[in-house]
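Reviewing the structure listed below.
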Amino acid sequence: MQDEQLAELAQQLRVDAVRAADAAGSGHPTSSMSAADLGAVLLAHHLRYDFDRPEHPGNDRLVLSKGHASPLLYAMYVAAGAIDEEELLTFRKHGSRLEGHPTPRLPWVDVATGSLGQGLPVGVGMALAGKRLDQIPYRVWVMSGDSEMAEGSVWEAVEHASFERLDNLTLILDVNRLGQRGPTRFGWDLDAYARRLQAFGWHTVEIDGHDVRAVDDALSEAAGTVGRPTAVIARTEKGHGVAAVADQEGKHGKPLTDVSDAIAELGGVRTARIEVQQPPPARVLHERHTGGLTLPTYDTGDEVATRTAYGQALAALGSARTDVVALDAEVGDSTRTEYFAKEHPGRHFQCYIAEQQLVAAAVGMYTRGYVPYAGTFAAFLTRAHDFIRMAAVSRASINLVGSHAGVAIGQDGPSQMGLEDLAMFRSVPGSTVLYPCDANQTVRLVAAMADLPNVSYLRTSRSDMPVIYGPEEDFPVGGSKVLRASHRDRVCVIAAGVTVHEAMTAATVLEREGISVRVVDLYSVKPVDAGTLQSAADDTGCLLTVEDHRTEGGLGDAVAEAFSDGRPMPRLIRLGVRNIPSSAAPAEQLHASGIDAESISAAVRLLVAEAMVRP
């Protein structure tokens with residue numbers, strides 16, 4: 001296209017963005033208008049994409065990090081012939097694929113965006129897959145707004161992209177000066193952004209974002225830069241092209257009021273369609289292998305930490321499946337991800353102490369067809385909660401593993417203890433939450449996670465624990481194990497992970513006192529085994545949950561919710577961590593928090609005594 005045609009295409013994108021927001025009665029047309037020239041040049045001259053084959057391995061990836069500018073993206077899809085004008089005008093309406101912020105309901109959208117600061121970190125994951133896994137020369141284009149450059153996650157991504165020399169990644173920064181409530185931190189000071197990006201090792205190009213020739217040259221320069229990522233820093237004007245809203249505060253997130261006049265000022269409705277460049281022929285180098293999996297096994301009575309079993313199982317899974325990748329947040333020696341790194345270094349990714357980038361990279365690799373396992377301390381995954389939440393919106397199947405869970409880690413103290421992780425992951429829509437208590441159970445669950453949809457979470461423990469299950473045992477997701485049961489049971493103790501062993505010890509002590517206790521290992525915290533819980537409630541009338549986790553949102557709440565669909569609620573008592581722990585030995589921690597065998601025994605005795613004196 002000639003420069004004049006590119007400028008006309010940009011005006012078409014502006015008009016269509018205005019029309020879409022007007023039809024919806026809401027949206028962000030002014031944010032779309034500022035980036036229209038950037039989008040037009042990218043679409044017409046640089047993006048290589050087969051819209052008929054979004055799964056094509058050679059397709060470039062386009063991530064609209066400033067997801068509120070979705071009208072621009074949808075207008076680009078119209079220009080490319082992917083959607084028609086009729087669908088464009090369903091923007092933000094019930095049932096429409098064109099949501100207020102993009103989601104993978106559209107086949108050309110890899111990840112949901114709109115929670116600012118996520119597009120570049122996810123783009124880093126995509127670019128890493130292209131460089132180190134696929135080895136296919138697709139490019140990753142991330143369009144960001146200037147406001148989101150205040151997010152710390154952006155700078156995690158900036159540093160990591162530079163460290164990994166991701167020259168297949170281009171950040172297109174739309175510097176339109178205005179945020180939601182007024183001016184951004186640096187306004188139109190392009191050099192302020194350039195200095196910061198250059199300090200991290202990025203190549204930068206500063207341009208007038210409404211000069212299509214300058215945009216074209218800058219994107220060509222980015223594609224030709226070797227050995228480091230490029231940021232095209234574009235000075236733009238919010239609401240560009242319509243005097244009533246151009247560079248005006250208070251217009252963010254609002255449709256234009258005089259739409260007919262605005263469209264006329266932009267030159268009227270246009271219907272140009274362009275042929276987007278096709279990607280070069282490419283083949284996917286990884287193949288999915290599901291045969292030949294030999295998981296490690298352990299003898300009953302052995303003392304093995306579940307984190308160790310996780311690492312050994314992951315390494316074995318990596319040998320059987322070349323689509324499995326592992327990501328670490330510089331704690332692989334503790335999480336035992338290092339076992340995978342030693343056996344499969346080409347599929348191991350070190351993200352360092354950057355948990356948001358860790359989860360984002362996992363999401364990015366998932367979009368390229370890989371099965372990611374990302375691990376760190378359970379406590380530190382809370383930093384990445386928004387990325388986990390948005391992974392669910394993206395329908396991303398990723399596996400997250402949190403080690404060093406609970407007070408049982410001992411002397412390290414409360415800053416290292418994951419005590420809120422079960423609640424966090426249970427709240428994620430479509431998630432699976434698993435908490436194994438021994439090594440054989442762990443390896444089976446690690447293998448099962450590879451084929452689960454959506455976000456899956458495995459909670460592992462630091463200390464060695466007895467192996468209580470044989471290697472032939474099966475542990476279906478959504479199941480549980482009844483470890484002790486009789487027709488004389490007075491109470492059912494429900495535990496998971498560390499507290500399973502405490503519950504078994506307590507049950508042995510209580511049996512000597514003539515008190516029979518049922519013990520259920522609820523290793524699948526979500527989905528929960530409602531049938532087994534109902535049977536336990538019917539047989540004993542009283543359930544006692546015990547968890548190395550806060551009482552809010554964890555195992556106890558999972559059990560309670562199993563009776564919230566009309567099942568009669570039994571008596572339910574919950575033991576969990578209610579204190580703020582301090583440094584102490586693991587056994588001392590469990591006792592101080594009231595979740596050890598002695599505390600369980602005492603609680604059962606009280607429950608039985610209460611039952612005996614009732615009229």
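To be explicit about the labels: the chains of the structure tokens are called A, B, and onward in the order shown, and within each one the residues are counted from 1, while ligands get numbers from 1 in the order they are shown.
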Contacts of Gly250 (chain A) within 9 Å, only C-alpha atoms, excl. fewer than 6 positions in-chain, as a VMD selection string
chain A and resid 180 to 182
Mind writing the picked residues with N, CA, C and O atoms as a PDB file, in the first residue's frame?
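The result, written out as part08.pdb:
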ATOM      1  N   GLN A 180      -6.864   7.155  32.221  1.00  0.00           N
ATOM      2  CA  GLN A 180      -8.302   7.141  32.496  1.00  0.00           C
ATOM      3  C   GLN A 180      -8.759   8.423  33.155  1.00  0.00           C
ATOM      4  O   GLN A 180      -9.814   8.965  32.811  1.00  0.00           O
ATOM      5  N   ARG A 181      -7.971   8.935  34.094  1.00  0.00           N
ATOM      6  CA  ARG A 181      -8.440  10.075  34.862  1.00  0.00           C
ATOM      7  C   ARG A 181      -7.673  11.357  34.557  1.00  0.00           C
ATOM      8  O   ARG A 181      -7.934  12.406  35.149  1.00  0.00           O
ATOM      9  N   GLY A 182      -6.713  11.286  33.651  1.00  0.00           N
ATOM     10  CA  GLY A 182      -5.937  12.469  33.326  1.00  0.00           C
ATOM     11  C   GLY A 182      -4.611  12.084  32.711  1.00  0.00           C
ATOM     12  O   GLY A 182      -4.446  10.972  32.197  1.00  0.00           O
TER      13      GLY A 182
END
Non-local contacts of His68 (chain A) (9 Å; only C-alpha atoms; under 5 positions in same chain excluded) as a count of residues only
12
Pick from A:Tyr339, A:Tyr370, A:Phe425, A:Tyr310 nearest to Ala447 (chain A), counting only C-alpha atoms
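Among the listed residues, the smallest separation from Ala447 (chain A) belongs to A:Tyr310.
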Given only C-alpha atoms as the counted atoms, nearest of A:Val276, A:Ala223, A:Ala602, A:Met365 to Lys131 (chain A):
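When distances to Lys131 (chain A) are compared using only C-alpha atoms, the smallest one comes from A:Met365.
Between CA of Asp247 (chain A) and CA of Leu266 (chain A) there is a distance of 15.7 Å.
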Near region 402-416 of chain A, counting only C-alpha atoms, which residues have an atom at most 9 Å away, once you skip same-chain residues fewer than 4 positions from it, shown as a PyMOL selection string?
chain A and resi 306-307+334-335+374-381+420-421+457-463+498+547-550+577+580-590+593
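Atom to atom, CA of Lys66 (chain A) and CA of Ile172 (chain A) stand 10.7 Å apart.
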Give the strand (DSSP E) residues of region 1-196 of chain A, as assigned by DSSP on the backbone, as a count of residues only.
17
Closest of A:Leu116, A:Val359, A:Leu133, A:Leu295 to Val154 (chain A) - atom-to-atom distances counting only C-alpha atoms:
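When distances to Val154 (chain A) are compared using only C-alpha atoms, the smallest one comes from A:Leu116.
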Which residues are near Gly117 (chain A)? Cut-off 6 Å, only C-alpha atoms, ignore same chain within fewer than 3 positions. Put them as JSON, numbers by chain.
{"A": [148, 151, 153, 154]}
Next, dump the selected residues to file, keeping only N, CA, C and O atoms, as a PDB file, in the first residue's frame.
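For reference, again-v1.pdb as written:
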ATOM      1  N   GLU A 148      -0.113   1.625  31.141  1.00  0.00           N
ATOM      2  CA  GLU A 148       0.244   0.335  31.731  1.00  0.00           C
ATOM      3  C   GLU A 148       1.744   0.170  31.926  1.00  0.00           C
ATOM      4  O   GLU A 148       2.180  -0.796  32.556  1.00  0.00           O
ATOM      5  N   GLU A 151       3.003  -0.517  35.431  1.00  0.00           N
ATOM      6  CA  GLU A 151       2.856  -1.822  36.073  1.00  0.00           C
ATOM      7  C   GLU A 151       4.222  -2.509  36.238  1.00  0.00           C
ATOM      8  O   GLU A 151       5.011  -2.582  35.296  1.00  0.00           O
ATOM      9  N   SER A 153       4.771  -5.621  36.422  1.00  0.00           N
ATOM     10  CA  SER A 153       4.860  -6.808  35.575  1.00  0.00           C
ATOM     11  C   SER A 153       5.461  -6.483  34.215  1.00  0.00           C
ATOM     12  O   SER A 153       6.129  -7.330  33.598  1.00  0.00           O
ATOM     13  N   VAL A 154       5.227  -5.268  33.722  1.00  0.00           N
ATOM     14  CA  VAL A 154       5.805  -4.866  32.442  1.00  0.00           C
ATOM     15  C   VAL A 154       7.322  -4.893  32.522  1.00  0.00           C
ATOM     16  O   VAL A 154       8.010  -5.374  31.614  1.00  0.00           O
TER      17      VAL A 154
END
As an exercise, work out the distance from CA of Leu607 (chain A) to CA of Glu502 (chain A) in Å and give it to one decimal place.
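For CA of Leu607 (chain A) relative to CA of Glu502 (chain A), the distance reads 17.9 Å.
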Selection near Glu513 (chain A), 12 Å with only C-alpha atoms, sequence-local residues under 6 positions removed, as a JSON list (two decimals) with N, CA and C atoms, in the first residue's frame:
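The resulting file, out.json, is shown below:
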[["chain", "number", "residue", "atom", "x", "y", "z"],
["A", 506, "ALA", "N", -3.64, -39.74, 65.10],
["A", 506, "ALA", "CA", -4.71, -39.47, 66.07],
["A", 506, "ALA", "C", -5.72, -40.62, 66.10],
["A", 507, "ALA", "N", -6.06, -41.16, 64.95],
["A", 507, "ALA", "CA", -7.03, -42.25, 64.89],
["A", 507, "ALA", "C", -6.52, -43.48, 65.62],
["A", 601, "SER", "N", -6.94, -35.33, 68.22],
["A", 601, "SER", "CA", -7.47, -36.24, 69.24],
["A", 601, "SER", "C", -8.31, -35.50, 70.26],
["A", 604, "VAL", "N", -11.70, -34.54, 68.78],
["A", 604, "VAL", "CA", -12.60, -35.69, 68.65],
["A", 604, "VAL", "C", -13.18, -36.07, 70.02],
["A", 605, "ARG", "N", -12.34, -36.07, 71.04],
["A", 605, "ARG", "CA", -12.82, -36.41, 72.39],
["A", 605, "ARG", "C", -13.93, -35.46, 72.82],
["A", 608, "VAL", "N", -17.13, -36.31, 70.91],
["A", 608, "VAL", "CA", -17.76, -37.54, 71.41],
["A", 608, "VAL", "C", -18.40, -37.29, 72.76]]
For Asp174 (chain A), the nearest of the candidates A:Ala231, A:Ala161, A:Ala391, A:Ala536, counting only C-alpha atoms
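Of the candidates, the smallest distance to Asp174 (chain A) is held by A:Ala231.
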Can you tell me, as an mmCIF file with all heavy atoms, in the first residue's frame, what residues are no more than 12 Å from Phe387 (chain A) when counting only C-alpha atoms, ignoring any on the same chain fewer than 4 positions away?
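The result, written out as selection07.cif:
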data_model
loop_
_atom_site.group_PDB
_atom_site.id
_atom_site.type_symbol
_atom_site.label_atom_id
_atom_site.label_comp_id
_atom_site.auth_asym_id
_atom_site.auth_seq_id
_atom_site.Cartn_x
_atom_site.Cartn_y
_atom_site.Cartn_z
ATOM 1 N N VAL A 111 -4.936 -14.758 23.877
ATOM 2 C CA VAL A 111 -5.117 -14.599 25.319
ATOM 3 C C VAL A 111 -6.043 -13.425 25.601
ATOM 4 O O VAL A 111 -6.101 -12.466 24.826
ATOM 5 C CB VAL A 111 -3.768 -14.366 26.039
ATOM 6 C CG1 VAL A 111 -2.914 -15.615 26.000
ATOM 7 C CG2 VAL A 111 -3.015 -13.180 25.455
ATOM 8 N N ALA A 112 -6.755 -13.521 26.703
ATOM 9 C CA ALA A 112 -7.596 -12.414 27.137
ATOM 10 C C ALA A 112 -6.718 -11.272 27.639
ATOM 11 O O ALA A 112 -5.729 -11.496 28.341
ATOM 12 C CB ALA A 112 -8.535 -12.874 28.247
ATOM 13 N N THR A 113 -7.082 -10.064 27.254
ATOM 14 C CA THR A 113 -6.339 -8.889 27.724
ATOM 15 C C THR A 113 -7.319 -7.871 28.270
ATOM 16 O O THR A 113 -8.536 -7.996 28.125
ATOM 17 C CB THR A 113 -5.506 -8.270 26.593
ATOM 18 O OG1 THR A 113 -6.372 -7.951 25.487
ATOM 19 C CG2 THR A 113 -4.415 -9.212 26.131
ATOM 20 N N GLY A 114 -6.775 -6.863 28.875
ATOM 21 C CA GLY A 114 -7.611 -5.834 29.483
ATOM 22 C C GLY A 114 -7.199 -5.552 30.907
ATOM 23 O O GLY A 114 -7.372 -4.437 31.401
ATOM 24 N N SER A 115 -6.658 -6.568 31.588
ATOM 25 C CA SER A 115 -6.012 -6.309 32.867
ATOM 26 C C SER A 115 -4.616 -5.822 32.527
ATOM 27 O O SER A 115 -3.744 -6.594 32.125
ATOM 28 C CB SER A 115 -5.951 -7.584 33.716
ATOM 29 O OG SER A 115 -5.383 -7.307 34.970
ATOM 30 N N LEU A 116 -4.404 -4.530 32.633
ATOM 31 C CA LEU A 116 -3.217 -3.902 32.043
ATOM 32 C C LEU A 116 -1.922 -4.433 32.645
ATOM 33 O O LEU A 116 -1.846 -4.758 33.823
ATOM 34 C CB LEU A 116 -3.298 -2.388 32.201
ATOM 35 C CG LEU A 116 -4.435 -1.720 31.421
ATOM 36 C CD1 LEU A 116 -4.459 -0.229 31.656
ATOM 37 C CD2 LEU A 116 -4.332 -2.017 29.928
ATOM 38 N N GLY A 117 -0.921 -4.493 31.801
ATOM 39 C CA GLY A 117 0.395 -4.953 32.223
ATOM 40 C C GLY A 117 0.631 -6.424 31.973
ATOM 41 O O GLY A 117 1.672 -6.962 32.359
ATOM 42 N N GLN A 118 -0.309 -7.101 31.296
ATOM 43 C CA GLN A 118 -0.161 -8.540 31.082
ATOM 44 C C GLN A 118 0.277 -8.907 29.672
ATOM 45 O O GLN A 118 0.858 -9.969 29.445
ATOM 46 C CB GLN A 118 -1.472 -9.259 31.416
ATOM 47 C CG GLN A 118 -1.872 -9.123 32.863
ATOM 48 C CD GLN A 118 -2.691 -10.300 33.361
ATOM 49 O OE1 GLN A 118 -2.798 -11.326 32.710
ATOM 50 N NE2 GLN A 118 -3.267 -10.146 34.536
ATOM 51 N N GLY A 119 0.006 -8.067 28.692
ATOM 52 C CA GLY A 119 0.282 -8.432 27.314
ATOM 53 C C GLY A 119 1.743 -8.686 27.032
ATOM 54 O O GLY A 119 2.100 -9.675 26.365
ATOM 55 N N PRO A 121 4.292 -9.492 29.212
ATOM 56 C CA PRO A 121 4.774 -10.732 29.823
ATOM 57 C C PRO A 121 4.313 -11.992 29.091
ATOM 58 O O PRO A 121 5.097 -12.931 28.917
ATOM 59 C CB PRO A 121 4.204 -10.668 31.249
ATOM 60 C CG PRO A 121 4.045 -9.211 31.522
ATOM 61 C CD PRO A 121 3.645 -8.611 30.218
ATOM 62 N N VAL A 122 3.060 -12.022 28.642
ATOM 63 C CA VAL A 122 2.591 -13.175 27.878
ATOM 64 C C VAL A 122 3.315 -13.243 26.537
ATOM 65 O O VAL A 122 3.697 -14.324 26.068
ATOM 66 C CB VAL A 122 1.068 -13.112 27.677
ATOM 67 C CG1 VAL A 122 0.606 -14.187 26.696
ATOM 68 C CG2 VAL A 122 0.349 -13.296 29.005
ATOM 69 N N SER A 153 4.771 -5.621 36.422
ATOM 70 C CA SER A 153 4.860 -6.808 35.575
ATOM 71 C C SER A 153 5.461 -6.483 34.215
ATOM 72 O O SER A 153 6.129 -7.330 33.598
ATOM 73 C CB SER A 153 3.471 -7.428 35.396
ATOM 74 O OG SER A 153 2.557 -6.501 34.830
ATOM 75 N N GLU A 355 7.438 -13.753 39.645
ATOM 76 C CA GLU A 355 6.337 -14.714 39.597
ATOM 77 C C GLU A 355 5.263 -14.340 38.581
ATOM 78 O O GLU A 355 4.603 -15.214 38.010
ATOM 79 C CB GLU A 355 5.714 -14.875 40.977
ATOM 80 C CG GLU A 355 6.586 -15.622 41.969
ATOM 81 C CD GLU A 355 7.635 -14.750 42.634
ATOM 82 O OE1 GLU A 355 7.571 -13.506 42.472
ATOM 83 O OE2 GLU A 355 8.518 -15.306 43.317
ATOM 84 N N GLN A 356 5.074 -13.036 38.341
ATOM 85 C CA GLN A 356 4.100 -12.653 37.317
ATOM 86 C C GLN A 356 4.587 -13.089 35.937
ATOM 87 O O GLN A 356 3.823 -13.615 35.125
ATOM 88 C CB GLN A 356 3.863 -11.140 37.358
ATOM 89 C CG GLN A 356 3.209 -10.682 38.652
ATOM 90 C CD GLN A 356 3.067 -9.181 38.726
ATOM 91 O OE1 GLN A 356 1.985 -8.633 38.512
ATOM 92 N NE2 GLN A 356 4.150 -8.497 39.032
ATOM 93 N N GLN A 357 5.873 -12.891 35.681
ATOM 94 C CA GLN A 357 6.437 -13.339 34.413
ATOM 95 C C GLN A 357 6.424 -14.853 34.306
ATOM 96 O O GLN A 357 6.212 -15.412 33.221
ATOM 97 C CB GLN A 357 7.872 -12.818 34.253
ATOM 98 C CG GLN A 357 8.537 -13.202 32.941
ATOM 99 C CD GLN A 357 7.766 -12.710 31.731
ATOM 100 O OE1 GLN A 357 7.706 -11.515 31.471
ATOM 101 N NE2 GLN A 357 7.150 -13.624 30.985
ATOM 102 N N LEU A 358 6.613 -15.528 35.421
ATOM 103 C CA LEU A 358 6.570 -16.996 35.448
ATOM 104 C C LEU A 358 5.231 -17.508 34.924
ATOM 105 O O LEU A 358 5.177 -18.349 34.018
ATOM 106 C CB LEU A 358 6.800 -17.487 36.877
ATOM 107 C CG LEU A 358 6.649 -18.984 37.130
ATOM 108 C CD1 LEU A 358 7.927 -19.710 36.741
ATOM 109 C CD2 LEU A 358 6.311 -19.249 38.612
ATOM 110 N N VAL A 359 4.141 -16.998 35.493
ATOM 111 C CA VAL A 359 2.809 -17.461 35.083
ATOM 112 C C VAL A 359 2.493 -16.991 33.665
ATOM 113 O O VAL A 359 1.941 -17.743 32.851
ATOM 114 C CB VAL A 359 1.741 -16.980 36.086
ATOM 115 C CG1 VAL A 359 0.346 -17.361 35.610
ATOM 116 C CG2 VAL A 359 2.013 -17.564 37.466
ATOM 117 N N ALA A 360 2.860 -15.751 33.345
ATOM 118 C CA ALA A 360 2.589 -15.228 32.006
ATOM 119 C C ALA A 360 3.323 -16.028 30.934
ATOM 120 O O ALA A 360 2.767 -16.312 29.873
ATOM 121 C CB ALA A 360 3.000 -13.763 31.928
ATOM 122 N N ALA A 361 4.573 -16.388 31.202
ATOM 123 C CA ALA A 361 5.324 -17.185 30.231
ATOM 124 C C ALA A 361 4.672 -18.545 30.034
ATOM 125 O O ALA A 361 4.624 -19.073 28.913
ATOM 126 C CB ALA A 361 6.773 -17.344 30.680
ATOM 127 N N ALA A 362 4.162 -19.125 31.113
ATOM 128 C CA ALA A 362 3.454 -20.398 30.999
ATOM 129 C C ALA A 362 2.232 -20.252 30.095
ATOM 130 O O ALA A 362 1.964 -21.111 29.241
ATOM 131 C CB ALA A 362 3.045 -20.901 32.377
ATOM 132 N N VAL A 363 1.490 -19.165 30.263
ATOM 133 C CA VAL A 363 0.321 -18.924 29.415
ATOM 134 C C VAL A 363 0.744 -18.759 27.955
ATOM 135 O O VAL A 363 0.136 -19.322 27.040
ATOM 136 C CB VAL A 363 -0.463 -17.694 29.902
ATOM 137 C CG1 VAL A 363 -1.574 -17.331 28.921
ATOM 138 C CG2 VAL A 363 -1.059 -17.949 31.284
ATOM 139 N N GLY A 364 1.799 -17.969 27.731
ATOM 140 C CA GLY A 364 2.278 -17.763 26.372
ATOM 141 C C GLY A 364 2.694 -19.058 25.710
ATOM 142 O O GLY A 364 2.409 -19.293 24.522
ATOM 143 N N LEU A 381 3.165 -17.486 44.865
ATOM 144 C CA LEU A 381 2.200 -17.487 43.772
ATOM 145 C C LEU A 381 1.090 -16.470 43.992
ATOM 146 O O LEU A 381 0.426 -16.049 43.039
ATOM 147 C CB LEU A 381 1.603 -18.883 43.590
ATOM 148 C CG LEU A 381 2.494 -19.885 42.841
ATOM 149 C CD1 LEU A 381 1.924 -21.287 42.948
ATOM 150 C CD2 LEU A 381 2.662 -19.482 41.383
ATOM 151 N N THR A 382 0.904 -16.060 45.255
ATOM 152 C CA THR A 382 -0.122 -15.044 45.502
ATOM 153 C C THR A 382 0.200 -13.750 44.769
ATOM 154 O O THR A 382 -0.700 -12.981 44.431
ATOM 155 C CB THR A 382 -0.265 -14.761 47.007
ATOM 156 O OG1 THR A 382 0.992 -14.331 47.537
ATOM 157 C CG2 THR A 382 -0.707 -16.009 47.749
ATOM 158 N N ARG A 383 1.494 -13.482 44.518
ATOM 159 C CA ARG A 383 1.866 -12.265 43.778
ATOM 160 C C ARG A 383 1.313 -12.279 42.361
ATOM 161 O O ARG A 383 1.127 -11.242 41.741
ATOM 162 C CB ARG A 383 3.391 -12.147 43.707
ATOM 163 C CG ARG A 383 4.075 -11.971 45.037
ATOM 164 C CD ARG A 383 5.571 -11.826 44.839
ATOM 165 N NE ARG A 383 6.262 -11.619 46.102
ATOM 166 C CZ ARG A 383 7.571 -11.426 46.194
ATOM 167 N NH1 ARG A 383 8.305 -11.425 45.105
ATOM 168 N NH2 ARG A 383 8.140 -11.233 47.370
ATOM 169 N N ALA A 391 -5.511 -16.053 33.243
ATOM 170 C CA ALA A 391 -5.258 -17.317 32.537
ATOM 171 C C ALA A 391 -6.549 -18.104 32.402
ATOM 172 O O ALA A 391 -6.805 -18.745 31.373
ATOM 173 C CB ALA A 391 -4.199 -18.127 33.270
ATOM 174 N N ALA A 392 -7.371 -18.063 33.443
ATOM 175 C CA ALA A 392 -8.660 -18.755 33.383
ATOM 176 C C ALA A 392 -9.568 -18.103 32.346
ATOM 177 O O ALA A 392 -10.271 -18.794 31.598
ATOM 178 C CB ALA A 392 -9.328 -18.757 34.752
ATOM 179 N N VAL A 393 -9.577 -16.778 32.281
ATOM 180 C CA VAL A 393 -10.375 -16.085 31.276
ATOM 181 C C VAL A 393 -9.881 -16.436 29.870
ATOM 182 O O VAL A 393 -10.663 -16.523 28.924
ATOM 183 C CB VAL A 393 -10.330 -14.564 31.503
ATOM 184 C CG1 VAL A 393 -11.127 -13.827 30.433
ATOM 185 C CG2 VAL A 393 -10.876 -14.205 32.879
ATOM 186 N N SER A 394 -8.576 -16.675 29.754
ATOM 187 C CA SER A 394 -7.977 -17.050 28.471
ATOM 188 C C SER A 394 -8.205 -18.512 28.112
ATOM 189 O O SER A 394 -7.758 -18.954 27.052
ATOM 190 C CB SER A 394 -6.472 -16.766 28.493
ATOM 191 O OG SER A 394 -6.203 -15.386 28.595
ATOM 192 N N ALA A 396 -6.712 -20.939 29.356
ATOM 193 C CA ALA A 396 -5.371 -21.516 29.241
ATOM 194 C C ALA A 396 -5.230 -22.719 30.167
ATOM 195 O O ALA A 396 -5.576 -22.646 31.345
ATOM 196 C CB ALA A 396 -4.313 -20.472 29.591
ATOM 197 N N ILE A 398 -2.794 -24.510 32.117
ATOM 198 C CA ILE A 398 -1.449 -24.423 32.689
ATOM 199 C C ILE A 398 -1.443 -25.128 34.031
ATOM 200 O O ILE A 398 -2.470 -25.208 34.716
ATOM 201 C CB ILE A 398 -0.978 -22.960 32.848
ATOM 202 C CG1 ILE A 398 -1.905 -22.180 33.790
ATOM 203 C CG2 ILE A 398 -0.896 -22.264 31.497
ATOM 204 C CD1 ILE A 398 -1.397 -20.781 34.137
ATOM 205 N N LEU A 400 0.308 -25.214 37.728
ATOM 206 C CA LEU A 400 1.088 -24.457 38.691
ATOM 207 C C LEU A 400 1.319 -25.312 39.927
ATOM 208 O O LEU A 400 0.414 -26.034 40.369
ATOM 209 C CB LEU A 400 0.374 -23.159 39.050
ATOM 210 C CG LEU A 400 0.071 -22.251 37.848
ATOM 211 C CD1 LEU A 400 -0.727 -21.035 38.282
ATOM 212 C CD2 LEU A 400 1.343 -21.827 37.144
ATOM 213 N N PHE A 425 -6.673 -20.614 44.663
ATOM 214 C CA PHE A 425 -6.868 -21.443 43.476
ATOM 215 C C PHE A 425 -8.277 -22.019 43.403
ATOM 216 O O PHE A 425 -8.799 -22.218 42.291
ATOM 217 C CB PHE A 425 -5.817 -22.548 43.421
ATOM 218 C CG PHE A 425 -4.502 -22.070 42.889
ATOM 219 C CD1 PHE A 425 -3.464 -21.746 43.750
ATOM 220 C CD2 PHE A 425 -4.297 -21.918 41.529
ATOM 221 C CE1 PHE A 425 -2.250 -21.283 43.259
ATOM 222 C CE2 PHE A 425 -3.097 -21.462 41.028
ATOM 223 C CZ PHE A 425 -2.064 -21.141 41.893
ATOM 224 N N VAL A 428 -10.620 -19.789 41.408
ATOM 225 C CA VAL A 428 -10.395 -19.600 39.973
ATOM 226 C C VAL A 428 -11.390 -20.469 39.203
ATOM 227 O O VAL A 428 -11.471 -21.679 39.432
ATOM 228 C CB VAL A 428 -8.947 -19.983 39.602
ATOM 229 C CG1 VAL A 428 -8.751 -19.945 38.090
ATOM 230 C CG2 VAL A 428 -7.955 -19.052 40.295
ATOM 231 N N VAL A 455 -6.799 -24.107 34.537
ATOM 232 C CA VAL A 455 -5.711 -23.934 35.503
ATOM 233 C C VAL A 455 -5.742 -25.076 36.516
ATOM 234 O O VAL A 455 -6.781 -25.339 37.134
ATOM 235 C CB VAL A 455 -5.842 -22.584 36.239
ATOM 236 C CG1 VAL A 455 -4.781 -22.454 37.326
ATOM 237 C CG2 VAL A 455 -5.733 -21.425 35.241
#
Give the helix (DSSP H, G or I) residues of region 510-604 of chain A, as assigned by DSSP on the backbone, as number ranges by chain.
A: 510-512, 530-540, 555-561, 586-592, 597-604
